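Peer 1: This one is my_file-v4.cif, mmCIF, C-alpha atoms.
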```
data_target
#
loop_
_atom_site.label_atom_id
_atom_site.label_comp_id
_atom_site.auth_asym_id
_atom_site.auth_seq_id
_atom_site.Cartn_x
_atom_site.Cartn_y
_atom_site.Cartn_z
CA MET A 1 67.06 -16.77 -4.27
CA SER A 2 68.92 -16.95 -0.96
CA SER A 3 71.37 -19.45 -2.42
CA ALA A 4 71.82 -17.19 -5.48
CA LEU A 5 72.95 -14.45 -3.13
CA THR A 6 75.13 -16.56 -0.86
CA ASP A 7 76.71 -18.30 -3.86
CA LEU A 8 78.35 -14.96 -4.66
CA LEU A 9 80.06 -14.89 -1.27
CA ARG A 10 82.47 -17.01 0.70
CA TYR A 11 81.34 -15.12 3.81
CA PRO A 12 77.96 -13.38 4.31
CA ILE A 13 79.66 -9.99 4.51
CA VAL A 14 78.77 -7.10 2.19
CA GLN A 15 80.78 -3.88 2.14
CA ALA A 16 78.29 -1.05 1.97
CA PRO A 17 78.56 1.31 -1.01
CA MET A 18 79.60 4.67 0.47
CA ALA A 19 79.33 7.57 -1.96
CA GLY A 20 81.57 10.62 -1.93
CA GLY A 21 84.82 8.90 -2.78
CA VAL A 22 84.94 6.29 0.02
CA SER A 23 84.04 3.10 -1.88
CA VAL A 24 86.93 3.14 -4.32
CA PRO A 25 87.92 0.15 -6.49
CA GLN A 26 90.80 -0.74 -4.16
CA LEU A 27 88.43 -1.16 -1.21
CA ALA A 28 85.85 -3.16 -3.15
CA ALA A 29 88.54 -5.41 -4.62
CA ALA A 30 90.11 -6.11 -1.22
CA VAL A 31 86.74 -7.09 0.27
CA SER A 32 85.78 -9.30 -2.67
CA GLU A 33 89.19 -10.97 -2.76
CA ALA A 34 88.84 -11.79 0.95
CA GLY A 35 85.50 -13.53 0.39
CA GLY A 36 82.99 -10.75 1.02
CA LEU A 37 81.10 -8.67 -1.54
CA GLY A 38 82.82 -5.40 -2.37
CA PHE A 39 80.74 -2.49 -3.67
CA LEU A 40 81.33 0.61 -5.76
CA ALA A 41 79.18 3.67 -5.11
CA ALA A 42 78.05 5.32 -8.35
CA GLY A 43 76.23 8.12 -6.54
CA TYR A 44 77.42 11.63 -7.53
CA LYS A 45 79.53 10.24 -10.39
CA THR A 46 79.00 10.55 -14.12
CA ALA A 47 78.08 7.43 -16.07
CA ASP A 48 81.58 7.36 -17.56
CA GLY A 49 83.15 7.89 -14.17
CA MET A 50 81.25 4.85 -12.90
CA TYR A 51 82.32 2.81 -15.93
CA GLN A 52 85.98 3.71 -15.44
CA GLU A 53 85.82 2.57 -11.81
CA ILE A 54 84.21 -0.71 -12.87
CA LYS A 55 87.08 -1.28 -15.30
CA GLN A 56 89.60 -0.53 -12.56
CA LEU A 57 87.88 -2.94 -10.20
CA ARG A 58 87.78 -5.71 -12.79
CA ALA A 59 91.53 -5.31 -13.26
CA LEU A 60 91.99 -5.84 -9.52
CA THR A 61 89.74 -8.85 -8.92
CA GLY A 62 87.87 -11.59 -10.73
CA ARG A 63 85.54 -12.07 -7.76
CA PRO A 64 81.89 -10.89 -7.73
CA PHE A 65 81.24 -7.26 -6.79
CA GLY A 66 78.39 -4.77 -6.81
CA VAL A 67 77.55 -1.25 -7.99
CA ASN A 68 75.07 1.02 -6.21
CA LEU A 69 72.77 3.55 -7.93
CA PHE A 70 70.74 6.44 -6.51
CA LEU A 71 67.17 6.73 -7.79
CA PRO A 72 66.11 10.06 -9.36
CA GLN A 73 64.33 12.44 -6.99
CA PRO A 74 61.03 14.29 -7.60
CA GLU A 75 61.18 17.99 -8.36
CA LEU A 76 60.78 20.55 -5.60
CA PRO A 77 57.83 22.98 -5.74
CA GLY A 78 58.79 26.37 -7.09
CA ALA A 79 57.48 28.24 -4.09
CA GLY A 80 55.66 27.62 -0.86
CA THR A 81 54.70 24.06 0.06
CA ASN A 82 52.75 21.27 -1.54
CA ALA A 83 49.09 20.49 -0.88
CA ALA A 84 50.00 18.47 2.21
CA GLY A 85 51.96 21.40 3.57
CA THR A 86 55.13 19.33 4.02
CA ALA A 87 57.38 19.72 0.98
CA PRO A 88 59.99 22.48 1.02
CA SER A 89 60.26 25.00 -1.75
CA CYS A 90 63.07 26.47 -3.76
CA ALA A 91 62.65 29.49 -1.47
CA ALA A 92 63.60 27.33 1.51
CA VAL A 93 66.81 26.33 -0.25
CA GLU A 94 67.58 29.97 -0.98
CA MET A 95 67.04 30.82 2.68
CA TYR A 96 69.43 28.06 3.73
CA ALA A 97 72.00 29.33 1.23
CA HIS A 98 71.80 32.74 2.86
CA GLN A 99 72.45 31.13 6.24
CA LEU A 100 75.53 29.35 4.85
CA ALA A 101 77.11 32.52 3.45
CA ASP A 102 79.38 32.90 6.47
CA GLU A 103 80.59 29.31 6.04
CA ALA A 104 81.55 30.06 2.45
CA ALA A 105 83.43 33.15 3.56
CA TRP A 106 85.23 31.23 6.31
CA TYR A 107 86.40 28.50 3.93
CA GLU A 108 87.09 31.05 1.16
CA THR A 109 84.91 29.28 -1.38
CA GLU A 110 81.60 29.72 -3.17
CA LEU A 111 78.43 27.83 -2.40
CA GLY A 112 77.45 25.22 -4.96
CA ASP A 113 74.64 25.49 -7.48
CA PRO A 114 71.60 23.74 -5.96
CA ASP A 115 70.15 23.19 -9.45
CA CYS A 116 72.84 20.76 -10.63
CA GLY A 117 70.27 18.05 -11.31
CA ARG A 118 68.08 15.57 -9.48
CA ASP A 119 68.46 12.37 -11.49
CA ASP A 120 72.15 11.61 -10.76
CA ALA A 121 72.49 10.46 -14.41
CA TYR A 122 70.43 7.42 -13.46
CA ASP A 123 69.28 6.41 -16.94
CA ALA A 124 72.78 6.72 -18.40
CA LYS A 125 74.27 4.63 -15.59
CA LEU A 126 71.59 1.98 -15.94
CA ALA A 127 72.31 1.80 -19.68
CA VAL A 128 76.01 1.24 -18.96
CA LEU A 129 75.20 -1.55 -16.51
CA LEU A 130 72.94 -3.24 -19.05
CA ASP A 131 75.58 -3.02 -21.78
CA ASN A 132 78.37 -4.11 -19.43
CA PRO A 133 76.67 -6.29 -16.78
CA VAL A 134 78.14 -6.59 -13.29
CA PRO A 135 77.33 -9.38 -10.79
CA VAL A 136 75.23 -7.23 -8.41
CA VAL A 137 73.45 -3.86 -8.57
CA SER A 138 71.78 -2.21 -5.59
CA PHE A 139 69.51 0.84 -5.40
CA HIS A 140 69.01 3.59 -2.81
CA PHE A 141 66.27 6.22 -2.30
CA GLY A 142 63.42 4.29 -3.89
CA THR A 143 62.29 1.26 -5.88
CA PRO A 144 63.34 0.95 -9.54
CA ALA A 145 60.75 0.27 -12.22
CA PRO A 146 60.00 -3.45 -12.60
CA LYS A 147 61.20 -3.33 -16.22
CA ALA A 148 64.63 -2.10 -15.06
CA LEU A 149 64.94 -4.91 -12.54
CA ASP A 150 63.80 -7.43 -15.12
CA ALA A 151 66.31 -6.13 -17.67
CA LEU A 152 69.13 -6.46 -15.15
CA ARG A 153 68.03 -9.98 -14.26
CA ARG A 154 68.06 -10.97 -17.94
CA ALA A 155 71.57 -9.54 -18.15
CA GLY A 156 72.62 -11.88 -15.33
CA THR A 157 72.73 -9.25 -12.58
CA PHE A 158 71.46 -9.88 -9.04
CA THR A 159 69.48 -6.88 -7.73
CA LEU A 160 69.02 -5.47 -4.23
CA VAL A 161 67.01 -2.47 -3.08
CA THR A 162 67.23 -0.69 0.28
CA ALA A 163 64.13 -0.45 2.48
CA THR A 164 63.63 1.22 5.86
CA THR A 165 60.07 0.05 6.59
CA VAL A 166 57.92 -3.03 6.04
CA GLU A 167 55.90 -1.13 3.45
CA GLU A 168 59.02 -0.27 1.49
CA ALA A 169 60.25 -3.88 1.68
CA LEU A 170 56.92 -5.09 0.27
CA ALA A 171 57.24 -2.56 -2.58
CA VAL A 172 60.74 -3.89 -3.30
CA GLN A 173 59.40 -7.44 -3.48
CA GLU A 174 56.46 -6.39 -5.66
CA ALA A 175 58.77 -4.62 -8.11
CA GLY A 176 60.71 -7.85 -8.63
CA ALA A 177 64.05 -7.23 -6.88
CA ASP A 178 66.03 -10.36 -6.01
CA ALA A 179 66.64 -9.26 -2.41
CA VAL A 180 66.00 -6.38 -0.03
CA ILE A 181 68.53 -4.51 2.09
CA VAL A 182 66.84 -3.83 5.43
CA GLN A 183 68.42 -0.68 6.85
CA GLY A 184 68.01 0.08 10.53
CA VAL A 185 68.11 3.58 11.95
CA GLU A 186 71.58 2.84 13.40
CA ALA A 187 73.14 2.97 9.93
CA GLY A 188 75.65 5.63 8.99
CA GLY A 189 75.13 7.84 5.97
CA HIS A 190 71.82 8.39 4.22
CA GLN A 191 68.70 6.56 5.24
CA GLY A 192 67.39 4.85 2.12
CA THR A 193 63.80 5.98 2.55
CA HIS A 194 61.69 5.74 -0.61
CA ARG A 195 59.91 9.03 0.10
CA ASP A 196 61.50 11.83 2.07
CA ASN A 197 58.77 12.93 4.45
CA PRO A 198 59.97 15.34 7.17
CA GLU A 199 57.09 14.21 9.38
CA ASN A 200 58.84 10.84 9.73
CA ASP A 201 62.15 12.27 10.95
CA GLY A 202 63.29 10.29 13.97
CA ALA A 203 60.69 7.56 13.45
CA GLY A 204 63.05 4.89 12.09
CA LEU A 205 63.24 1.45 13.64
CA GLY A 206 66.30 -0.30 15.02
CA LEU A 207 67.69 -3.04 12.82
CA LEU A 208 66.65 -6.13 14.82
CA THR A 209 63.08 -4.92 15.22
CA LEU A 210 62.79 -3.94 11.56
CA LEU A 211 64.44 -7.17 10.44
CA ALA A 212 61.94 -9.27 12.39
CA GLN A 213 59.01 -7.38 10.92
CA VAL A 214 60.29 -7.57 7.35
CA ARG A 215 61.18 -11.25 7.69
CA GLU A 216 57.51 -11.99 8.47
CA ALA A 217 56.29 -9.87 5.55
CA VAL A 218 58.44 -10.79 2.54
CA ARG A 219 59.65 -13.96 0.81
CA ILE A 220 62.79 -12.59 -0.83
CA PRO A 221 66.22 -12.78 0.88
CA ILE A 222 67.26 -10.03 3.27
CA VAL A 223 70.59 -8.27 3.70
CA ALA A 224 70.72 -6.60 7.14
CA ALA A 225 72.36 -3.17 7.52
CA GLY A 226 72.78 -0.73 10.37
CA GLY A 227 75.45 -0.33 13.03
CA LEU A 228 77.09 -3.73 12.49
CA MET A 229 80.76 -3.76 13.51
CA ARG A 230 81.52 -7.25 14.89
CA GLY A 231 81.13 -10.83 13.75
CA SER A 232 78.87 -11.54 16.74
CA GLN A 233 76.44 -8.91 15.43
CA ILE A 234 76.54 -10.54 12.01
CA ALA A 235 75.67 -13.85 13.69
CA ALA A 236 72.72 -12.18 15.40
CA VAL A 237 71.18 -10.82 12.20
CA LEU A 238 71.73 -14.12 10.39
CA ALA A 239 69.97 -15.92 13.25
CA ALA A 240 67.14 -13.40 12.91
CA GLY A 241 66.60 -14.34 9.27
CA ALA A 242 69.03 -12.32 7.17
CA SER A 243 71.05 -14.03 4.44
CA ALA A 244 73.97 -11.59 4.76
CA ALA A 245 75.06 -8.47 6.62
CA GLN A 246 76.09 -5.14 5.12
CA LEU A 247 78.76 -3.08 6.91
CA GLY A 248 79.89 0.42 5.99
CA THR A 249 81.41 2.24 8.95
CA ALA A 250 83.51 -0.81 9.79
CA PHE A 251 85.39 -0.37 6.49
CA LEU A 252 85.76 3.43 6.63
CA ILE A 253 89.16 3.54 8.35
CA THR A 254 90.76 0.72 6.38
CA PRO A 255 93.82 1.79 4.36
CA GLU A 256 91.96 1.00 1.13
CA SER A 257 89.06 3.34 1.95
CA GLY A 258 88.99 6.58 0.00
CA ALA A 259 87.83 8.60 3.03
CA ALA A 260 89.90 11.71 3.77
CA ALA A 261 92.40 11.44 6.62
CA PRO A 262 90.52 13.85 8.96
CA TYR A 263 87.36 11.79 8.41
CA LYS A 264 89.10 8.53 9.32
CA GLN A 265 90.69 10.06 12.40
CA ALA A 266 87.39 11.51 13.62
CA LEU A 267 85.72 8.09 13.78
CA THR A 268 87.71 7.11 16.87
CA ASP A 269 88.54 10.62 18.13
CA PRO A 270 87.16 11.03 21.69
CA ARG A 271 85.97 14.55 20.77
CA PHE A 272 83.24 12.98 18.60
CA THR A 273 81.16 11.08 21.11
CA ARG A 274 77.90 10.50 19.28
CA THR A 275 76.07 10.41 15.96
CA GLU A 276 72.86 12.04 14.87
CA LEU A 277 70.52 12.02 11.90
CA THR A 278 70.74 15.35 10.12
CA ARG A 279 69.73 17.17 6.94
CA ALA A 280 72.48 19.76 7.36
CA PHE A 281 74.77 18.55 4.57
CA SER A 282 72.42 17.06 1.96
CA GLY A 283 68.80 17.88 2.72
CA ARG A 284 68.02 14.19 3.43
CA PRO A 285 68.28 12.37 6.78
CA ALA A 286 71.78 10.96 7.13
CA ARG A 287 73.62 9.77 10.24
CA GLY A 288 76.95 11.37 10.98
CA LEU A 289 79.27 12.35 13.81
CA VAL A 290 78.00 15.44 15.60
CA ASN A 291 80.34 18.30 14.73
CA ARG A 292 80.10 22.08 14.62
CA PHE A 293 78.45 22.26 11.19
CA LEU A 294 75.80 19.72 12.14
CA ARG A 295 75.00 21.47 15.43
CA GLU A 296 74.81 24.96 13.94
CA HIS A 297 72.95 24.21 10.72
CA GLY A 298 71.10 20.93 11.22
CA PRO A 299 68.02 22.50 12.85
CA TYR A 300 67.54 24.86 9.89
CA ALA A 301 68.30 22.63 6.90
CA PRO A 302 65.29 22.10 4.61
CA ALA A 303 64.12 18.72 3.34
CA ALA A 304 65.58 19.34 -0.10
CA TYR A 305 67.74 16.60 -1.57
CA PRO A 306 69.90 16.82 -3.64
CA GLU A 307 69.71 20.63 -3.73
CA VAL A 308 71.30 20.99 -0.30
CA HIS A 309 73.91 18.38 -1.22
CA HIS A 310 74.94 20.44 -4.25
CA LEU A 311 74.83 23.65 -2.21
CA THR A 312 77.18 22.41 0.53
CA SER A 313 79.52 20.36 -1.67
CA PRO A 314 82.19 23.09 -2.03
CA LEU A 315 82.07 23.75 1.72
CA ARG A 316 82.66 20.10 2.56
CA LYS A 317 85.52 19.85 0.06
CA ALA A 318 87.12 23.02 1.41
CA ALA A 319 86.85 21.75 4.98
CA ALA A 320 88.47 18.45 3.98
CA LYS A 321 91.28 20.31 2.16
CA ALA A 322 91.85 22.40 5.28
CA GLY A 323 91.90 19.27 7.45
CA ASP A 324 88.91 20.57 9.43
CA PRO A 325 86.53 17.77 10.48
CA GLN A 326 84.19 20.32 12.06
CA GLY A 327 83.00 21.36 8.60
CA MET A 328 82.87 17.91 6.96
CA ALA A 329 80.05 15.42 6.57
CA LEU A 330 81.40 12.67 8.82
CA TRP A 331 78.91 9.92 7.97
CA ALA A 332 79.09 7.14 10.54
CA GLY A 333 76.90 4.50 12.14
CA GLN A 334 76.18 4.28 15.84
CA GLY A 335 78.97 1.72 16.31
CA HIS A 336 81.72 4.01 14.95
CA ARG A 337 83.85 3.83 18.11
CA MET A 338 84.25 0.09 17.46
CA ALA A 339 86.03 0.69 14.13
CA ARG A 340 89.31 -1.21 13.72
CA GLU A 341 92.20 0.12 11.69
CA LEU A 342 92.90 -3.05 9.72
CA PRO A 343 93.44 -3.71 6.01
CA ALA A 344 90.07 -4.45 4.42
CA GLY A 345 90.89 -8.07 3.57
CA GLU A 346 92.14 -8.70 7.10
CA LEU A 347 89.00 -7.11 8.52
CA VAL A 348 86.84 -9.49 6.49
CA ALA A 349 88.86 -12.43 7.85
CA VAL A 350 88.50 -11.18 11.44
CA LEU A 351 84.75 -10.66 11.02
CA ALA A 352 84.40 -14.16 9.53
CA ALA A 353 86.34 -15.68 12.46
CA GLU A 354 84.18 -13.79 14.96
CA LEU A 355 81.06 -14.98 13.15
CA GLN A 356 82.23 -18.58 13.29
CA ALA A 357 83.10 -18.28 16.99
CA ALA A 358 79.69 -16.76 17.79
CA ARG A 359 77.90 -19.53 15.93
CA ALA A 360 79.98 -22.20 17.70
CA GLU A 361 79.23 -20.64 21.08
CA SER A 362 75.52 -20.53 20.27
CA ALA A 363 75.56 -24.18 19.20
CA THR A 364 77.36 -25.20 22.41
CA GLU A 365 74.85 -23.31 24.53
CA GLU A 366 72.00 -25.02 22.66
CA VAL A 367 73.49 -28.47 23.32
CA ASN A 368 73.99 -27.69 27.01
CA ARG A 369 70.40 -26.64 27.55
#
```
Before we go any further, please render this structure as structure tokens.
Peer 2:
Amino acid sequence: MSSALTDLLRYPIVQAPMAGGVSVPQLAAAVSEAGGLGFLAAGYKTADGMYQEIKQLRALTGRPFGVNLFLPQPELPGAGTNAAGTAPSCAAVEMYAHQLADEAAWYETELGDPDCGRDDAYDAKLAVLLDNPVPVVSFHFGTPAPKALDALRRAGTFTLVTATTVEEALAVQEAGADAVIVQGVEAGGHQGTHRDNPENDGAGLGLLTLLAQVREAVRIPIVAAGGLMRGSQIAAVLAAGASAAQLGTAFLITPESGAAAPYKQALTDPRFTRTELTRAFSGRPARGLVNRFLREHGPYAPAAYPEVHHLTSPLRKAAAKAGDPQGMALWAGQGHRMARELPAGELVAVLAAELQAARAESATEEVNR
């Protein structure tokens, strides 16, 4: 299995799928052409929108690439909380919408409809990927049904599923995925937890600790993700048992990235000194640069994904149009200040050279002991 994964790559470098218009075909193609594994993010797109991007990507490269899907989310209770007293209700979303009314007025837009759907057109997208197989498909926010993973395997597709705990990694292996993406708490964007339990907020493990635990628990290959920005860090996770490393924030400010200009500039702007996990923009824990919106609304955002995502979508778009990073979801990992403004293909080459240098240094140190 490990060789099946590494056979797809010249270098053990995976470009993370970043939804919201960042992981465009040009970025994925540049990474794949340079010897990494480029990824498209199908989250928040229609099935046809995903298919059109796949066609664009195939016109740009003949190298392997991947497509990421979001798993459907369970329905929210209509009112109150669930039996455990933890799940938010539709009333909580309505209360948050009331709090955001001033934001809508400031940006001269309407709030979005929180009831735009919870399945992200998952079944339709899966059907497209079975009819038109791609080399790799990954999943976020849960474990797919074993029959879906088996169908993709029979179509010739390698499958990966994100996990944030040992228990989730074991579920991924049991379901029959080819590999697991182990995501540390340092990662930018949404944590790929299988169940969104507010009681676990802030309880995530750092990547190296989680990687060590998962490596002892599962037999399938591991892709390590979370805060990785340098080739020396890639060397560290490979030495710890990963078969490849997944990097997202490192590729955000490349010219090929579809991130808005204010977003790219904020990553290295000294005004944005730290990141934080927040529910403010989507209702699910996601790591982003601490800005005004996050500070003012994060403490009050309910655990309601994707309702909150739909609700705040027009606000985020209006802030981006106005060039105002203080109202945008600036997803970023803890290593964001180490981002390098290089073309994506050049960045892959630099990371590969740093990886080789780190391995050579480690080998020399071993010999000299």
Peer 1: Write out as a PyMOL selection string the residues lying within 9 Å of A:Lys45, counting all atoms listed in the file and excluding same-chain residues fewer than 6 positions away.
Peer 2: chain A and resi 19-20+120-121
Peer 1: Using all atoms listed in the file for the distances, tell me which of A:Ile220, A:Met338, A:Val128, A:Leu111 is nearest to A:Val161.
Peer 2: A:Ile220
Peer 1: Just so the selection is clear, what residues does the PyMOL selection byres ((chain A and resi 62-69) around 7) cover here, as a list in words?
Peer 2: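 Selected by the PyMOL selection byres ((chain A and resi 62-69) around 7) here: Leu8, Pro17, Ser32, Glu33, Leu37, Gly38, Phe39, Leu40, Ala41, Ala42, Gly43, Arg58, Thr61, Phe70, Leu71, Val134, Pro135, Val136, Val137, Ser138, Phe139 and His140 of chain A.
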Peer 1: Restricting it to C-alpha atoms, dump the selection as a PDB file, in the frame of the given file.
Peer 2:
```
ATOM      1  CA  LEU A   8      78.350 -14.960  -4.660  1.00  0.00           C
ATOM      2  CA  PRO A  17      78.560   1.310  -1.010  1.00  0.00           C
ATOM      3  CA  SER A  32      85.780  -9.300  -2.670  1.00  0.00           C
ATOM      4  CA  GLU A  33      89.190 -10.970  -2.760  1.00  0.00           C
ATOM      5  CA  LEU A  37      81.100  -8.670  -1.540  1.00  0.00           C
ATOM      6  CA  GLY A  38      82.820  -5.400  -2.370  1.00  0.00           C
ATOM      7  CA  PHE A  39      80.740  -2.490  -3.670  1.00  0.00           C
ATOM      8  CA  LEU A  40      81.330   0.610  -5.760  1.00  0.00           C
ATOM      9  CA  ALA A  41      79.180   3.670  -5.110  1.00  0.00           C
ATOM     10  CA  ALA A  42      78.050   5.320  -8.350  1.00  0.00           C
ATOM     11  CA  GLY A  43      76.230   8.120  -6.540  1.00  0.00           C
ATOM     12  CA  ARG A  58      87.780  -5.710 -12.790  1.00  0.00           C
ATOM     13  CA  THR A  61      89.740  -8.850  -8.920  1.00  0.00           C
ATOM     14  CA  PHE A  70      70.740   6.440  -6.510  1.00  0.00           C
ATOM     15  CA  LEU A  71      67.170   6.730  -7.790  1.00  0.00           C
ATOM     16  CA  VAL A 134      78.140  -6.590 -13.290  1.00  0.00           C
ATOM     17  CA  PRO A 135      77.330  -9.380 -10.790  1.00  0.00           C
ATOM     18  CA  VAL A 136      75.230  -7.230  -8.410  1.00  0.00           C
ATOM     19  CA  VAL A 137      73.450  -3.860  -8.570  1.00  0.00           C
ATOM     20  CA  SER A 138      71.780  -2.210  -5.590  1.00  0.00           C
ATOM     21  CA  PHE A 139      69.510   0.840  -5.400  1.00  0.00           C
ATOM     22  CA  HIS A 140      69.010   3.590  -2.810  1.00  0.00           C
TER      23      HIS A 140
END
```
Peer 1: Calculate how many Å separate atom CA of A:Glu216 from atom CA of A:Pro144, rounding to one decimal.
Peer 2: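 Rounded to one decimal, the two atoms are 22.9 Å apart.
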Peer 1: A:Val93, A:Val24, A:Ile54, A:Ala34: which is nearest A:Pro302, counting all atoms listed in the file?
Peer 2: A:Val93
Peer 1: Please evaluate the PyMOL selection byres ((chain A and resi 4) around 12) against the structure above and give the resulting residues as a PyMOL selection string.
Peer 2: chain A and resi 1-3+5-9+135-136+153+156-159+178-179+220-221+243-244
Peer 1: What is the distance between atom CA of A:Gly117 and atom CA of A:Ala286, in Å to one decimal?
Peer 2: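 Answer for the atom CA of A:Gly117 to atom CA of A:Ala286 separation: 19.8 Å.
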Peer 1: Which value, in Å to one decimal, gives the distance between atom CA of A:Asn197 and atom CA of A:His297?
Peer 2: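 Result for atom CA of A:Asn197 versus atom CA of A:His297: 19.2 Å, one decimal.
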Peer 1: Which is closer to A:Glu307 than all the others in A:Ser89, A:Gln15, A:Ser282, A:Thr209, using all atoms listed in the file?
Peer 2: A:Ser282
Peer 1: What lies within 12 Å of A:Glu110 using all atoms listed in the file, ignoring chain neighbours under 6 positions off, as an MDAnalysis selection string?
Peer 2: chainID A and resid 97:98 100:104 310:318
Peer 1: Write a file of the selected residues as an mmCIF file, keeping the file's coordinate frame, keeping C-alpha atoms.
Peer 2:
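selection.cif written:
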```
data_model
loop_
_atom_site.group_PDB
_atom_site.id
_atom_site.type_symbol
_atom_site.label_atom_id
_atom_site.label_comp_id
_atom_site.auth_asym_id
_atom_site.auth_seq_id
_atom_site.Cartn_x
_atom_site.Cartn_y
_atom_site.Cartn_z
ATOM 1 C CA ALA A 97 72.000 29.330 1.230
ATOM 2 C CA HIS A 98 71.800 32.740 2.860
ATOM 3 C CA LEU A 100 75.530 29.350 4.850
ATOM 4 C CA ALA A 101 77.110 32.520 3.450
ATOM 5 C CA ASP A 102 79.380 32.900 6.470
ATOM 6 C CA GLU A 103 80.590 29.310 6.040
ATOM 7 C CA ALA A 104 81.550 30.060 2.450
ATOM 8 C CA HIS A 310 74.940 20.440 -4.250
ATOM 9 C CA LEU A 311 74.830 23.650 -2.210
ATOM 10 C CA THR A 312 77.180 22.410 0.530
ATOM 11 C CA SER A 313 79.520 20.360 -1.670
ATOM 12 C CA PRO A 314 82.190 23.090 -2.030
ATOM 13 C CA LEU A 315 82.070 23.750 1.720
ATOM 14 C CA ARG A 316 82.660 20.100 2.560
ATOM 15 C CA LYS A 317 85.520 19.850 0.060
ATOM 16 C CA ALA A 318 87.120 23.020 1.410
#
```
Peer 1: Given all atoms listed in the file as the basis, pick out the residue of A:Arg10, A:Arg118, A:Lys147, A:Arg292 nearest to A:Phe272.
Peer 2: A:Arg292
Peer 1: Would you kindly return, as number ranges by chain, each protein, DNA or RNA residue with an atom no farther than 8 Å from any atom of A:Arg215, considering only C-alpha atoms and excluding same-chain residues fewer than 6 positions away?
Peer 2: A: 222, 241-242
Peer 1: Find the residue from A:Glu168, A:Glu174, A:Glu53, A:Glu75 that sits nearest to A:Gly192; use only C-alpha atoms when measuring.
Peer 2: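 Ranked by minimum distance to A:Gly192, first place goes to A:Glu168.
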Peer 1: Given only C-alpha atoms as the basis, pick out the residue of A:Ala358, A:Leu289, A:Ala29, A:Cys90 nearest to A:Gln326.
Peer 2: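 Using only C-alpha atoms, the shortest distance to A:Gln326 belongs to A:Leu289.
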Peer 1: Name the residues in contact with A:Gly142 at a cut-off of 12 Å, using only C-alpha atoms, excluding same-chain residues fewer than 5 positions from it; report them as a list in words.
Peer 2: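 Once the nearby chain positions are removed, what remains is Leu69, Phe70, Leu71, Pro72, Gln73, Pro74, Leu160, Val161, Thr162, Ala163, Thr164, Thr165, Glu167, Glu168, Ala169, Ala171, Val172, Ala175, Ala177, Val180, Ile181, Gln191, Gly192, Thr193, His194, Arg195 and Asp196 of chain A.
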Peer 1: Could the residues in this selection be saved with C-alpha atoms as a PDB file, in the coordinates of the input?
Peer 2:
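Result file follows (again19.pdb):
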```pdb
ATOM      1  CA  LEU A  69      72.770   3.550  -7.930  1.00  0.00           C
ATOM      2  CA  PHE A  70      70.740   6.440  -6.510  1.00  0.00           C
ATOM      3  CA  LEU A  71      67.170   6.730  -7.790  1.00  0.00           C
ATOM      4  CA  PRO A  72      66.110  10.060  -9.360  1.00  0.00           C
ATOM      5  CA  GLN A  73      64.330  12.440  -6.990  1.00  0.00           C
ATOM      6  CA  PRO A  74      61.030  14.290  -7.600  1.00  0.00           C
ATOM      7  CA  LEU A 160      69.020  -5.470  -4.230  1.00  0.00           C
ATOM      8  CA  VAL A 161      67.010  -2.470  -3.080  1.00  0.00           C
ATOM      9  CA  THR A 162      67.230  -0.690   0.280  1.00  0.00           C
ATOM     10  CA  ALA A 163      64.130  -0.450   2.480  1.00  0.00           C
ATOM     11  CA  THR A 164      63.630   1.220   5.860  1.00  0.00           C
ATOM     12  CA  THR A 165      60.070   0.050   6.590  1.00  0.00           C
ATOM     13  CA  GLU A 167      55.900  -1.130   3.450  1.00  0.00           C
ATOM     14  CA  GLU A 168      59.020  -0.270   1.490  1.00  0.00           C
ATOM     15  CA  ALA A 169      60.250  -3.880   1.680  1.00  0.00           C
ATOM     16  CA  ALA A 171      57.240  -2.560  -2.580  1.00  0.00           C
ATOM     17  CA  VAL A 172      60.740  -3.890  -3.300  1.00  0.00           C
ATOM     18  CA  ALA A 175      58.770  -4.620  -8.110  1.00  0.00           C
ATOM     19  CA  ALA A 177      64.050  -7.230  -6.880  1.00  0.00           C
ATOM     20  CA  VAL A 180      66.000  -6.380  -0.030  1.00  0.00           C
ATOM     21  CA  ILE A 181      68.530  -4.510   2.090  1.00  0.00           C
ATOM     22  CA  GLN A 191      68.700   6.560   5.240  1.00  0.00           C
ATOM     23  CA  GLY A 192      67.390   4.850   2.120  1.00  0.00           C
ATOM     24  CA  THR A 193      63.800   5.980   2.550  1.00  0.00           C
ATOM     25  CA  HIS A 194      61.690   5.740  -0.610  1.00  0.00           C
ATOM     26  CA  ARG A 195      59.910   9.030   0.100  1.00  0.00           C
ATOM     27  CA  ASP A 196      61.500  11.830   2.070  1.00  0.00           C
TER      28      ASP A 196
END
```
Peer 1: Starting from the displayed file, determine the output of the PyMOL selection byres ((chain A and resi 291) around 10) and express the residue list as a ChimeraX atom specification.
Peer 2: /A:266,271-276,288-290,292-296,325-330
Peer 1: Near A:Ala187, within 6 Å and counting all atoms listed in the file, which residues show up once chain neighbours fewer than 2 positions away are dropped, as a PyMOL selection string?
Peer 2: chain A and resi 184-185+226-227+333
